[in-house]
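Content type PDB, C-alpha atoms, pLDDT in the B column, from the file start09.pdb:
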```pdb
ATOM      1  CA  MET A  22      64.059 108.502 114.220  1.00 91.00           C
ATOM      2  CA  VAL A  23      63.490 110.051 110.795  1.00 98.00           C
ATOM      3  CA  HIS A  24      65.301 108.703 107.753  1.00 98.00           C
ATOM      4  CA  ILE A  25      65.473 111.002 104.735  1.00 98.00           C
ATOM      5  CA  VAL A  26      65.970 108.716 101.748  1.00 98.00           C
ATOM      6  CA  GLY A  27      66.790 109.353  98.116  1.00 97.00           C
ATOM      7  CA  ALA A  28      64.506 107.138  96.051  1.00 97.00           C
ATOM      8  CA  GLY A  29      66.665 107.262  92.940  1.00 97.00           C
ATOM      9  CA  SER A  30      65.765 108.559  89.514  1.00 97.00           C
ATOM     10  CA  GLY A  31      62.839 106.279  88.699  1.00 96.00           C
ATOM     11  CA  ASP A  32      63.856 102.667  88.166  1.00 97.00           C
ATOM     12  CA  VAL A  33      62.921 100.921  91.413  1.00 97.00           C
ATOM     13  CA  GLU A  34      66.203  98.994  91.344  1.00 97.00           C
ATOM     14  CA  LEU A  35      68.149 102.256  91.569  1.00 97.00           C
ATOM     15  CA  ILE A  36      67.242 102.864  95.178  1.00 98.00           C
ATOM     16  CA  THR A  37      70.200 101.967  97.378  1.00 98.00           C
ATOM     17  CA  VAL A  38      70.246  98.743  99.366  1.00 98.00           C
ATOM     18  CA  LYS A  39      70.120 100.853 102.530  1.00 98.00           C
ATOM     19  CA  GLY A  40      67.215 102.923 101.230  1.00 98.00           C
ATOM     20  CA  LYS A  41      65.231  99.785 100.399  1.00 98.00           C
ATOM     21  CA  ARG A  42      65.918  98.337 103.843  1.00 98.00           C
ATOM     22  CA  LEU A  43      64.702 101.511 105.528  1.00 98.00           C
ATOM     23  CA  LEU A  44      61.494 101.447 103.466  1.00 98.00           C
ATOM     24  CA  GLU A  45      60.920  97.823 104.443  1.00 98.00           C
ATOM     25  CA  THR A  46      61.191  98.609 108.159  1.00 97.00           C
ATOM     26  CA  ALA A  47      59.447 102.002 108.326  1.00 98.00           C
ATOM     27  CA  ASP A  48      56.238 102.500 110.289  1.00 98.00           C
ATOM     28  CA  VAL A  49      55.453 105.772 108.488  1.00 98.00           C
ATOM     29  CA  VAL A  50      56.454 106.748 104.942  1.00 98.00           C
ATOM     30  CA  ILE A  51      56.026 110.267 103.574  1.00 98.00           C
ATOM     31  CA  TYR A  52      56.778 110.201  99.853  1.00 97.00           C
ATOM     32  CA  ALA A  53      56.915 112.763  97.053  1.00 92.00           C
ATOM     33  CA  GLY A  54      54.008 111.308  95.114  1.00 92.00           C
ATOM     34  CA  SER A  55      54.332 113.597  92.097  1.00 88.00           C
ATOM     35  CA  LEU A  56      57.821 112.288  91.323  1.00 92.00           C
ATOM     36  CA  VAL A  57      58.621 109.058  93.166  1.00 94.00           C
ATOM     37  CA  ASN A  58      57.912 105.799  91.357  1.00 96.00           C
ATOM     38  CA  PRO A  59      54.856 104.352  93.171  1.00 96.00           C
ATOM     39  CA  GLU A  60      56.257 100.838  92.749  1.00 97.00           C
ATOM     40  CA  LEU A  61      58.757 101.686  95.472  1.00 98.00           C
ATOM     41  CA  LEU A  62      55.895 101.628  97.949  1.00 97.00           C
ATOM     42  CA  ASN A  63      55.640  97.877  97.353  1.00 97.00           C
ATOM     43  CA  PHE A  64      58.721  97.571  99.559  1.00 98.00           C
ATOM     44  CA  CYS A  65      56.776  98.994 102.511  1.00 98.00           C
ATOM     45  CA  ARG A  66      55.127  96.868 105.149  1.00 97.00           C
ATOM     46  CA  ALA A  67      51.441  96.201 104.641  1.00 97.00           C
ATOM     47  CA  ASP A  68      50.639  98.040 107.876  1.00 97.00           C
ATOM     48  CA  ALA A  69      52.861 101.069 107.186  1.00 98.00           C
ATOM     49  CA  GLN A  70      51.184 104.467 107.118  1.00 98.00           C
ATOM     50  CA  LEU A  71      51.689 106.085 103.703  1.00 98.00           C
ATOM     51  CA  HIS A  72      51.382 109.834 103.109  1.00 97.00           C
ATOM     52  CA  ASP A  73      51.727 111.592  99.743  1.00 97.00           C
ATOM     53  CA  SER A  74      53.523 114.895 100.393  1.00 96.00           C
ATOM     54  CA  ALA A  75      52.414 116.311  97.023  1.00 92.00           C
ATOM     55  CA  ARG A  76      49.169 117.220  98.820  1.00 91.00           C
ATOM     56  CA  LEU A  77      50.774 118.474 102.024  1.00 95.00           C
ATOM     57  CA  THR A  78      52.333 121.689 103.301  1.00 96.00           C
ATOM     58  CA  LEU A  79      55.586 121.718 105.242  1.00 96.00           C
ATOM     59  CA  ASP A  80      53.677 122.129 108.507  1.00 97.00           C
ATOM     60  CA  GLU A  81      51.519 119.102 107.717  1.00 97.00           C
ATOM     61  CA  VAL A  82      54.586 116.984 106.929  1.00 97.00           C
ATOM     62  CA  ILE A  83      56.173 117.960 110.228  1.00 98.00           C
ATOM     63  CA  GLN A  84      52.949 117.249 112.127  1.00 97.00           C
ATOM     64  CA  ILE A  85      52.897 113.686 110.738  1.00 98.00           C
ATOM     65  CA  ILE A  86      56.494 113.214 111.816  1.00 98.00           C
ATOM     66  CA  GLU A  87      55.807 114.607 115.287  1.00 98.00           C
ATOM     67  CA  ARG A  88      52.899 112.190 115.788  1.00 97.00           C
ATOM     68  CA  ALA A  89      55.082 109.290 114.675  1.00 98.00           C
ATOM     69  CA  GLU A  90      57.838 110.359 117.064  1.00 97.00           C
ATOM     70  CA  ALA A  91      55.376 110.627 119.937  1.00 97.00           C
ATOM     71  CA  ASP A  92      54.262 107.065 119.213  1.00 97.00           C
ATOM     72  CA  GLY A  93      57.852 105.772 118.990  1.00 97.00           C
ATOM     73  CA  LYS A  94      57.565 105.012 115.272  1.00 98.00           C
ATOM     74  CA  ILE A  95      60.216 105.077 112.547  1.00 97.00           C
ATOM     75  CA  THR A  96      59.571 107.514 109.695  1.00 98.00           C
ATOM     76  CA  VAL A  97      61.020 107.512 106.170  1.00 98.00           C
ATOM     77  CA  ARG A  98      60.807 110.747 104.212  1.00 98.00           C
ATOM     78  CA  LEU A  99      61.177 109.528 100.616  1.00 98.00           C
ATOM     79  CA  HIS A 100      62.496 112.036  98.094  1.00 96.00           C
ATOM     80  CA  THR A 101      63.042 111.583  94.379  1.00 95.00           C
ATOM     81  CA  GLY A 102      66.605 111.273  93.041  1.00 97.00           C
ATOM     82  CA  ASP A 103      69.095 112.468  95.628  1.00 97.00           C
ATOM     83  CA  PRO A 104      67.623 114.782  98.262  1.00 96.00           C
ATOM     84  CA  SER A 105      70.632 117.110  98.215  1.00 96.00           C
ATOM     85  CA  ILE A 106      69.822 118.395  94.687  1.00 96.00           C
ATOM     86  CA  TYR A 107      66.678 120.554  94.489  1.00 94.00           C
ATOM     87  CA  GLY A 108      65.229 118.395  97.252  1.00 92.00           C
ATOM     88  CA  ALA A 109      63.820 121.223  99.414  1.00 92.00           C
ATOM     89  CA  ILE A 110      65.073 119.392 102.504  1.00 95.00           C
ATOM     90  CA  LYS A 111      66.801 122.253 104.338  1.00 96.00           C
ATOM     91  CA  GLU A 112      63.591 123.698 105.743  1.00 96.00           C
ATOM     92  CA  GLN A 113      62.527 120.209 106.840  1.00 96.00           C
ATOM     93  CA  LEU A 114      65.846 119.611 108.590  1.00 97.00           C
ATOM     94  CA  ASP A 115      65.585 122.969 110.346  1.00 97.00           C
ATOM     95  CA  GLU A 116      62.136 122.095 111.688  1.00 97.00           C
ATOM     96  CA  LEU A 117      63.318 118.688 112.881  1.00 97.00           C
ATOM     97  CA  GLN A 118      66.289 120.246 114.656  1.00 97.00           C
ATOM     98  CA  ARG A 119      64.057 122.826 116.358  1.00 97.00           C
ATOM     99  CA  ARG A 120      62.022 119.953 117.746  1.00 97.00           C
ATOM    100  CA  ASN A 121      65.093 117.876 118.714  1.00 97.00           C
ATOM    101  CA  ILE A 122      63.998 115.094 116.369  1.00 97.00           C
ATOM    102  CA  ASP A 123      66.909 112.922 115.293  1.00 97.00           C
ATOM    103  CA  PHE A 124      67.379 112.216 111.570  1.00 98.00           C
ATOM    104  CA  ASP A 125      69.827 110.876 109.034  1.00 98.00           C
ATOM    105  CA  ILE A 126      70.110 111.087 105.248  1.00 98.00           C
ATOM    106  CA  THR A 127      70.568 108.258 102.769  1.00 98.00           C
ATOM    107  CA  PRO A 128      71.706 109.427  99.326  1.00 98.00           C
ATOM    108  CA  GLY A 129      70.098 108.326  96.087  1.00 97.00           C
ATOM    109  CA  VAL A 130      70.857 108.131  92.367  1.00 97.00           C
ATOM    110  CA  SER A 131      70.231 111.574  90.888  1.00 97.00           C
ATOM    111  CA  SER A 132      68.577 112.031  87.510  1.00 97.00           C
ATOM    112  CA  PHE A 133      71.690 113.751  86.170  1.00 97.00           C
ATOM    113  CA  VAL A 134      73.711 110.542  86.542  1.00 98.00           C
ATOM    114  CA  ALA A 135      70.799 108.422  85.321  1.00 98.00           C
ATOM    115  CA  ALA A 136      70.728 110.660  82.243  1.00 98.00           C
ATOM    116  CA  ALA A 137      74.430 110.017  81.638  1.00 98.00           C
ATOM    117  CA  ALA A 138      73.773 106.283  81.808  1.00 98.00           C
ATOM    118  CA  ALA A 139      70.891 106.601  79.355  1.00 98.00           C
ATOM    119  CA  LEU A 140      73.085 108.623  76.990  1.00 98.00           C
ATOM    120  CA  ARG A 141      75.996 106.202  77.439  1.00 97.00           C
ATOM    121  CA  LEU A 142      78.491 108.954  78.024  1.00 95.00           C
ATOM    122  CA  GLU A 143      81.138 110.240  80.390  1.00 96.00           C
ATOM    123  CA  TYR A 144      80.666 113.837  81.470  1.00 97.00           C
ATOM    124  CA  THR A 145      84.344 114.380  82.278  1.00 95.00           C
ATOM    125  CA  LEU A 146      86.385 113.520  79.178  1.00 93.00           C
ATOM    126  CA  PRO A 147      90.055 114.559  79.229  1.00 90.00           C
ATOM    127  CA  GLU A 148      90.727 117.539  76.954  1.00 90.00           C
ATOM    128  CA  VAL A 149      86.946 118.066  76.548  1.00 93.00           C
ATOM    129  CA  SER A 150      85.584 118.881  80.009  1.00 94.00           C
ATOM    130  CA  GLN A 151      86.669 118.163  83.557  1.00 95.00           C
ATOM    131  CA  THR A 152      83.827 120.077  85.169  1.00 97.00           C
ATOM    132  CA  VAL A 153      80.121 119.330  85.477  1.00 98.00           C
ATOM    133  CA  ILE A 154      77.811 122.231  86.295  1.00 98.00           C
ATOM    134  CA  ILE A 155      74.480 121.315  87.886  1.00 98.00           C
ATOM    135  CA  THR A 156      72.061 124.196  87.555  1.00 98.00           C
ATOM    136  CA  ARG A 157      68.615 125.370  86.510  1.00 96.00           C
ATOM    137  CA  LEU A 158      66.928 128.282  84.786  1.00 94.00           C
ATOM    138  CA  GLY A 159      65.272 130.746  87.113  1.00 89.00           C
ATOM    139  CA  GLY A 160      61.506 130.392  87.401  1.00 84.00           C
ATOM    140  CA  ARG A 161      59.302 130.688  90.470  1.00 84.00           C
ATOM    141  CA  THR A 162      62.489 129.945  92.364  1.00 86.00           C
ATOM    142  CA  PRO A 163      64.942 132.672  91.316  1.00 90.00           C
ATOM    143  CA  VAL A 164      68.580 132.038  90.422  1.00 92.00           C
ATOM    144  CA  PRO A 165      71.294 134.526  91.482  1.00 92.00           C
ATOM    145  CA  ASP A 166      72.584 136.649  88.591  1.00 91.00           C
ATOM    146  CA  ARG A 167      76.081 135.249  89.097  1.00 94.00           C
ATOM    147  CA  GLU A 168      74.656 131.759  88.408  1.00 95.00           C
ATOM    148  CA  SER A 169      72.662 132.594  85.282  1.00 95.00           C
ATOM    149  CA  LEU A 170      72.950 130.145  82.380  1.00 96.00           C
ATOM    150  CA  ARG A 171      74.505 132.974  80.380  1.00 96.00           C
ATOM    151  CA  SER A 172      77.240 133.364  82.972  1.00 96.00           C
ATOM    152  CA  LEU A 173      77.852 129.643  83.488  1.00 97.00           C
ATOM    153  CA  ALA A 174      77.977 128.938  79.749  1.00 97.00           C
ATOM    154  CA  GLN A 175      81.166 130.976  79.531  1.00 96.00           C
ATOM    155  CA  HIS A 176      83.029 128.117  81.228  1.00 96.00           C
ATOM    156  CA  GLN A 177      82.335 125.787  78.252  1.00 95.00           C
ATOM    157  CA  SER A 178      81.856 122.944  80.760  1.00 97.00           C
ATOM    158  CA  THR A 179      79.428 120.062  80.701  1.00 98.00           C
ATOM    159  CA  MET A 180      76.086 121.343  81.987  1.00 98.00           C
ATOM    160  CA  CYS A 181      73.202 119.380  83.504  1.00 98.00           C
ATOM    161  CA  ILE A 182      70.157 121.615  83.630  1.00 98.00           C
ATOM    162  CA  PHE A 183      67.289 120.641  85.926  1.00 97.00           C
ATOM    163  CA  LEU A 184      63.711 121.879  86.065  1.00 96.00           C
ATOM    164  CA  SER A 185      63.906 123.914  82.869  1.00 96.00           C
ATOM    165  CA  ILE A 186      62.530 121.872  79.979  1.00 96.00           C
ATOM    166  CA  GLY A 187      59.320 123.916  79.887  1.00 94.00           C
ATOM    167  CA  MET A 188      61.477 126.956  79.124  1.00 95.00           C
ATOM    168  CA  ILE A 189      63.743 125.316  76.544  1.00 96.00           C
ATOM    169  CA  GLU A 190      63.652 128.375  74.267  1.00 97.00           C
ATOM    170  CA  ARG A 191      65.062 130.557  77.052  1.00 96.00           C
ATOM    171  CA  VAL A 192      67.620 127.907  77.931  1.00 97.00           C
ATOM    172  CA  VAL A 193      68.979 127.931  74.377  1.00 98.00           C
ATOM    173  CA  GLU A 194      68.931 131.723  74.167  1.00 97.00           C
ATOM    174  CA  GLU A 195      70.889 132.072  77.400  1.00 97.00           C
ATOM    175  CA  LEU A 196      73.468 129.434  76.455  1.00 98.00           C
ATOM    176  CA  ILE A 197      74.137 131.045  73.094  1.00 98.00           C
ATOM    177  CA  ALA A 198      74.302 134.485  74.700  1.00 97.00           C
ATOM    178  CA  GLY A 199      76.910 133.037  77.065  1.00 96.00           C
ATOM    179  CA  GLY A 200      79.148 132.048  74.182  1.00 96.00           C
ATOM    180  CA  LEU A 201      78.192 128.505  73.214  1.00 97.00           C
ATOM    181  CA  GLU A 202      78.206 127.851  69.479  1.00 96.00           C
ATOM    182  CA  HIS A 203      74.973 127.032  67.657  1.00 97.00           C
ATOM    183  CA  ASP A 204      76.331 123.547  66.845  1.00 96.00           C
ATOM    184  CA  THR A 205      76.979 122.697  70.511  1.00 97.00           C
ATOM    185  CA  PRO A 206      75.513 119.225  71.201  1.00 97.00           C
ATOM    186  CA  ILE A 207      72.545 119.033  73.545  1.00 98.00           C
ATOM    187  CA  ALA A 208      70.424 116.120  74.707  1.00 98.00           C
ATOM    188  CA  VAL A 209      67.184 115.891  76.634  1.00 98.00           C
ATOM    189  CA  VAL A 210      66.398 112.776  78.641  1.00 98.00           C
ATOM    190  CA  GLU A 211      62.777 112.557  79.694  1.00 97.00           C
ATOM    191  CA  ARG A 212      62.090 110.354  82.744  1.00 97.00           C
ATOM    192  CA  ALA A 213      65.624 108.971  82.921  1.00 97.00           C
ATOM    193  CA  SER A 214      65.698 105.296  83.984  1.00 97.00           C
ATOM    194  CA  TRP A 215      61.885 104.906  83.868  1.00 96.00           C
ATOM    195  CA  ALA A 216      60.340 102.291  81.564  1.00 95.00           C
ATOM    196  CA  ASP A 217      59.083 105.056  79.250  1.00 95.00           C
ATOM    197  CA  GLU A 218      62.391 106.950  79.131  1.00 96.00           C
ATOM    198  CA  LYS A 219      62.853 109.061  76.015  1.00 97.00           C
ATOM    199  CA  ILE A 220      66.011 110.623  74.573  1.00 98.00           C
ATOM    200  CA  ILE A 221      66.075 113.567  72.182  1.00 97.00           C
ATOM    201  CA  ARG A 222      69.421 114.687  70.728  1.00 98.00           C
ATOM    202  CA  GLY A 223      70.315 117.741  68.709  1.00 97.00           C
ATOM    203  CA  THR A 224      72.267 120.962  68.782  1.00 98.00           C
ATOM    204  CA  LEU A 225      71.422 124.336  70.242  1.00 98.00           C
ATOM    205  CA  GLU A 226      70.175 125.250  66.787  1.00 97.00           C
ATOM    206  CA  THR A 227      67.803 122.280  66.376  1.00 97.00           C
ATOM    207  CA  ILE A 228      66.719 121.158  69.843  1.00 98.00           C
ATOM    208  CA  VAL A 229      63.778 123.525  70.380  1.00 97.00           C
ATOM    209  CA  ASP A 230      61.856 122.248  67.343  1.00 96.00           C
ATOM    210  CA  ARG A 231      62.568 118.648  68.321  1.00 96.00           C
ATOM    211  CA  ILE A 232      61.346 119.153  71.871  1.00 96.00           C
ATOM    212  CA  ARG A 233      58.198 120.892  70.628  1.00 94.00           C
ATOM    213  CA  ALA A 234      57.526 118.026  68.221  1.00 95.00           C
ATOM    214  CA  GLU A 235      57.825 115.487  71.059  1.00 94.00           C
ATOM    215  CA  GLN A 236      55.764 117.698  73.411  1.00 92.00           C
ATOM    216  CA  ILE A 237      58.170 117.242  76.304  1.00 93.00           C
ATOM    217  CA  GLU A 238      57.239 119.706  79.026  1.00 88.00           C
ATOM    218  CA  ARG A 239      58.371 118.266  82.368  1.00 89.00           C
ATOM    219  CA  THR A 240      60.441 115.620  84.169  1.00 92.00           C
ATOM    220  CA  ALA A 241      63.392 115.915  81.821  1.00 97.00           C
ATOM    221  CA  MET A 242      67.120 116.516  82.194  1.00 98.00           C
ATOM    222  CA  ILE A 243      68.914 118.815  79.745  1.00 98.00           C
ATOM    223  CA  VAL A 244      72.555 117.938  79.081  1.00 98.00           C
ATOM    224  CA  VAL A 245      74.760 120.355  77.149  1.00 98.00           C
ATOM    225  CA  GLY A 246      78.389 120.029  76.147  1.00 97.00           C
ATOM    226  CA  ARG A 247      80.967 118.617  73.782  1.00 95.00           C
ATOM    227  CA  CYS A 248      81.068 115.393  75.816  1.00 95.00           C
ATOM    228  CA  LEU A 249      77.908 114.409  73.940  1.00 96.00           C
ATOM    229  CA  ASP A 250      79.762 114.291  70.627  1.00 92.00           C
ATOM    230  CA  PRO A 251      83.498 114.593  71.259  1.00 86.00           C
ATOM    231  CA  LYS A 252      85.592 115.055  68.142  1.00 81.00           C
ATOM    232  CA  ASN A 253      88.850 114.609  69.998  1.00 78.00           C
ATOM    233  CA  TYR A 254      89.582 113.486  73.516  1.00 78.00           C
ATOM    234  CA  GLN A 255      92.587 112.051  75.290  1.00 75.00           C
ATOM    235  CA  PRO A 256      92.269 108.601  76.877  1.00 76.00           C
ATOM    236  CA  SER A 257      92.641 108.627  80.624  1.00 70.00           C
ATOM    237  CA  GLN A 258      96.178 108.302  81.939  1.00 65.00           C
ATOM    238  CA  LEU A 259      94.872 105.928  84.586  1.00 69.00           C
ATOM    239  CA  TYR A 260      95.183 102.868  82.328  1.00 65.00           C
ATOM    240  CA  SER A 261      98.125 104.014  80.210  1.00 60.00           C
ATOM    241  CA  PRO A 262     101.141 101.673  80.366  1.00 65.00           C
ATOM    242  CA  ASN A 263     103.338 104.785  80.572  1.00 64.00           C
ATOM    243  CA  PHE A 264     101.609 106.147  83.678  1.00 59.00           C
ATOM    244  CA  SER A 265     102.770 105.133  87.146  1.00 63.00           C
ATOM    245  CA  HIS A 266     100.686 105.239  90.299  1.00 58.00           C
ATOM    246  CA  MET A 267     100.747 103.613  93.723  1.00 57.00           C
ATOM    247  CA  PHE A 268      99.321 100.315  92.432  1.00 64.00           C
ATOM    248  CA  ARG A 269     101.243  99.972  89.139  1.00 57.00           C
ATOM    249  CA  GLN A 270     104.579 101.070  87.733  1.00 64.00           C
ATOM    250  CA  SER A 271     104.932 102.303  84.150  1.00 61.00           C
ATOM    251  CA  LYS A 272     106.333  99.893  81.583  1.00 61.00           C
TER     252      LYS A 272
END
```
Whole structure given in C-alpha cells:
Amino acid sequence: MVHIVGAGSGDVELITVKGKRLLETADVVIYAGSLVNPELLNFCRADAQLHDSARLTLDEVIQIIERAEADGKITVRLHTGDPSIYGAIKEQLDELQRRNIDFDITPGVSSFVAAAAALRLEYTLPEVSQTVIITRLGGRTPVPDRESLRSLAQHQSTMCIFLSIGMIERVVEELIAGGLEHDTPIAVVERASWADEKIIRGTLETIVDRIRAEQIERTAMIVVGRCLDPKNYQPSQLYSPNFSHMFRQSK
C-alpha cells in the first residue's frame, strides 16, 4: 500500500493526525527534501528507509515503491503542503495504477491557508470578495492564456499566487494590466508557518522594491486583494440576530 501524504506548510504540528500516524508506521518514506520540513522525519521509525525525492527522477521513485511492494512494505510518499496543489502527483498516480499498486491520499495544510493564518485575515469577506483564485505565473511550466494573471485579475477576486516570487516584477505588471489599481494591497509570506516566517506588505506600486530589499526569491506565497485592507465589508449573516437558519430562528 502507498500512502500519499500532505506534510503541511512547514510547521511540523500542521501535519494531520492521520498523516503523522502514517509516517510513524511506514516502512519506506519518500519525501520532497527540498521543501518538506526535515523535522517531520523524526516521526518515522528508526528502521524506516528514507529517500529524498529531490535527487530522484519519477522512474527512480516508482522503482523504490515497486521494491517496497514486492517486499510487502508500507510506503509513504510525503509531499509538501497539500499534494493536490502543484504537487506533481498525477504522473505518479498513473504509474501506480499501471502497475496495479493500491494507494490513497491524505490531504495537508496548503501554504495558501497557512499564509492567511500568518496574515490574520479572511479571504472571503462579504461585499469584498467571495472567490479565491489559486494560480501561478507561467515559467518553465506554462500557463494557458485563458488563465494568465492579466485575465484572472479582471475578476477583482482574492488571488493566491504560487511559485512566482522570483518574477514579482512580471506579477505586478500583469495584475495592473488586468485592471487592478496601483494601490491594491498585496502581501508576501515567505515560508508560511515555519519558525523563520517573514511577512512583507505593500501595494502593487510598492511591493517590488520591498521584496528586492528583503531579497526574497523563493518559497513565498503572494496574496493580492482588498481582503488584505478592507475599507468596508458586511459582517456575515450567519451570526446576525435577524438571520434565520435551521439551527436558530431570527429574533
Step by step, work through what the PyMOL selection byres ((chain A and resi 143) around 12) selects in the shown file, and finish by giving those residues as a VMD selection string.
chain A and resid 133 to 142 144 to 147 149 to 153 179 244 246 to 251 254 256 to 257
Using C-alpha atoms, can you write the selected residues to a file as an mmCIF file, in the frame of the given file?
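Done, and the output landed in part34.cif:
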```cif
data_model
loop_
_atom_site.group_PDB
_atom_site.id
_atom_site.type_symbol
_atom_site.label_atom_id
_atom_site.label_comp_id
_atom_site.auth_asym_id
_atom_site.auth_seq_id
_atom_site.Cartn_x
_atom_site.Cartn_y
_atom_site.Cartn_z
ATOM 1 C CA PHE A 133 71.690 113.751 86.170
ATOM 2 C CA VAL A 134 73.711 110.542 86.542
ATOM 3 C CA ALA A 135 70.799 108.422 85.321
ATOM 4 C CA ALA A 136 70.728 110.660 82.243
ATOM 5 C CA ALA A 137 74.430 110.017 81.638
ATOM 6 C CA ALA A 138 73.773 106.283 81.808
ATOM 7 C CA ALA A 139 70.891 106.601 79.355
ATOM 8 C CA LEU A 140 73.085 108.623 76.990
ATOM 9 C CA ARG A 141 75.996 106.202 77.439
ATOM 10 C CA LEU A 142 78.491 108.954 78.024
ATOM 11 C CA TYR A 144 80.666 113.837 81.470
ATOM 12 C CA THR A 145 84.344 114.380 82.278
ATOM 13 C CA LEU A 146 86.385 113.520 79.178
ATOM 14 C CA PRO A 147 90.055 114.559 79.229
ATOM 15 C CA VAL A 149 86.946 118.066 76.548
ATOM 16 C CA SER A 150 85.584 118.881 80.009
ATOM 17 C CA GLN A 151 86.669 118.163 83.557
ATOM 18 C CA THR A 152 83.827 120.077 85.169
ATOM 19 C CA VAL A 153 80.121 119.330 85.477
ATOM 20 C CA THR A 179 79.428 120.062 80.701
ATOM 21 C CA VAL A 244 72.555 117.938 79.081
ATOM 22 C CA GLY A 246 78.389 120.029 76.147
ATOM 23 C CA ARG A 247 80.967 118.617 73.782
ATOM 24 C CA CYS A 248 81.068 115.393 75.816
ATOM 25 C CA LEU A 249 77.908 114.409 73.940
ATOM 26 C CA ASP A 250 79.762 114.291 70.627
ATOM 27 C CA PRO A 251 83.498 114.593 71.259
ATOM 28 C CA TYR A 254 89.582 113.486 73.516
ATOM 29 C CA PRO A 256 92.269 108.601 76.877
ATOM 30 C CA SER A 257 92.641 108.627 80.624
#
```
Run the PyMOL selection byres ((chain A and resi 228-241) around 10) against the file shown and list the residues it catches, as an NGL selection string.
:A and (56 or 132-133 or 136 or 182-193 or 206-213 or 218-227 or 242-244)
Among A:Thr205, A:Leu79, A:Ser55, A:Gly27, Ser131 (chain A) is approached most closely, using only C-alpha atoms, by A:Gly27
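Interatomic distance, CA of Ser30 (chain A) against CA of His100 (chain A): 9.8 Å.
Taking CA of Asn63 (chain A) and CA of Val130 (chain A) as the two end points, the separation is 19.0 Å.
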Chain and number of each residue from the PyMOL selection byres ((chain A and resi 200) around 12), as a list in words:
Leu170, Arg171, Ser172, Leu173, Ala174, Gln175, His176, Gln177, Ser178, Val193, Glu194, Glu195, Leu196, Ile197, Ala198, Gly199, Leu201, Glu202, His203, Asp204, Thr205 and Leu225 of chain A
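The space separating CA of Glu45 (chain A) from CA of Glu112 (chain A) comes to 26.0 Å.
Among A:Arg66, A:Arg120, A:Arg167, A:Lys39, the residue with the shortest atom-to-atom distance to Gln84 (chain A), counting all atoms listed in the file, is A:Arg120.
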Nearest residue to Ile154 (chain A) out of A:Glu168, A:Glu90, A:Asp217, A:Asp103, using all atoms listed in the file?
A:Glu168
Can you list, as a ChimeraX atom specification, every protein, DNA or RNA residue that comes within 12 Å of Ile86 (chain A) when you count all atoms listed in the file, leaving out same-chain residues fewer than 2 positions away?
/A:22-25,48-51,70-72,74,79-84,88-98,113-114,116-117,120-124
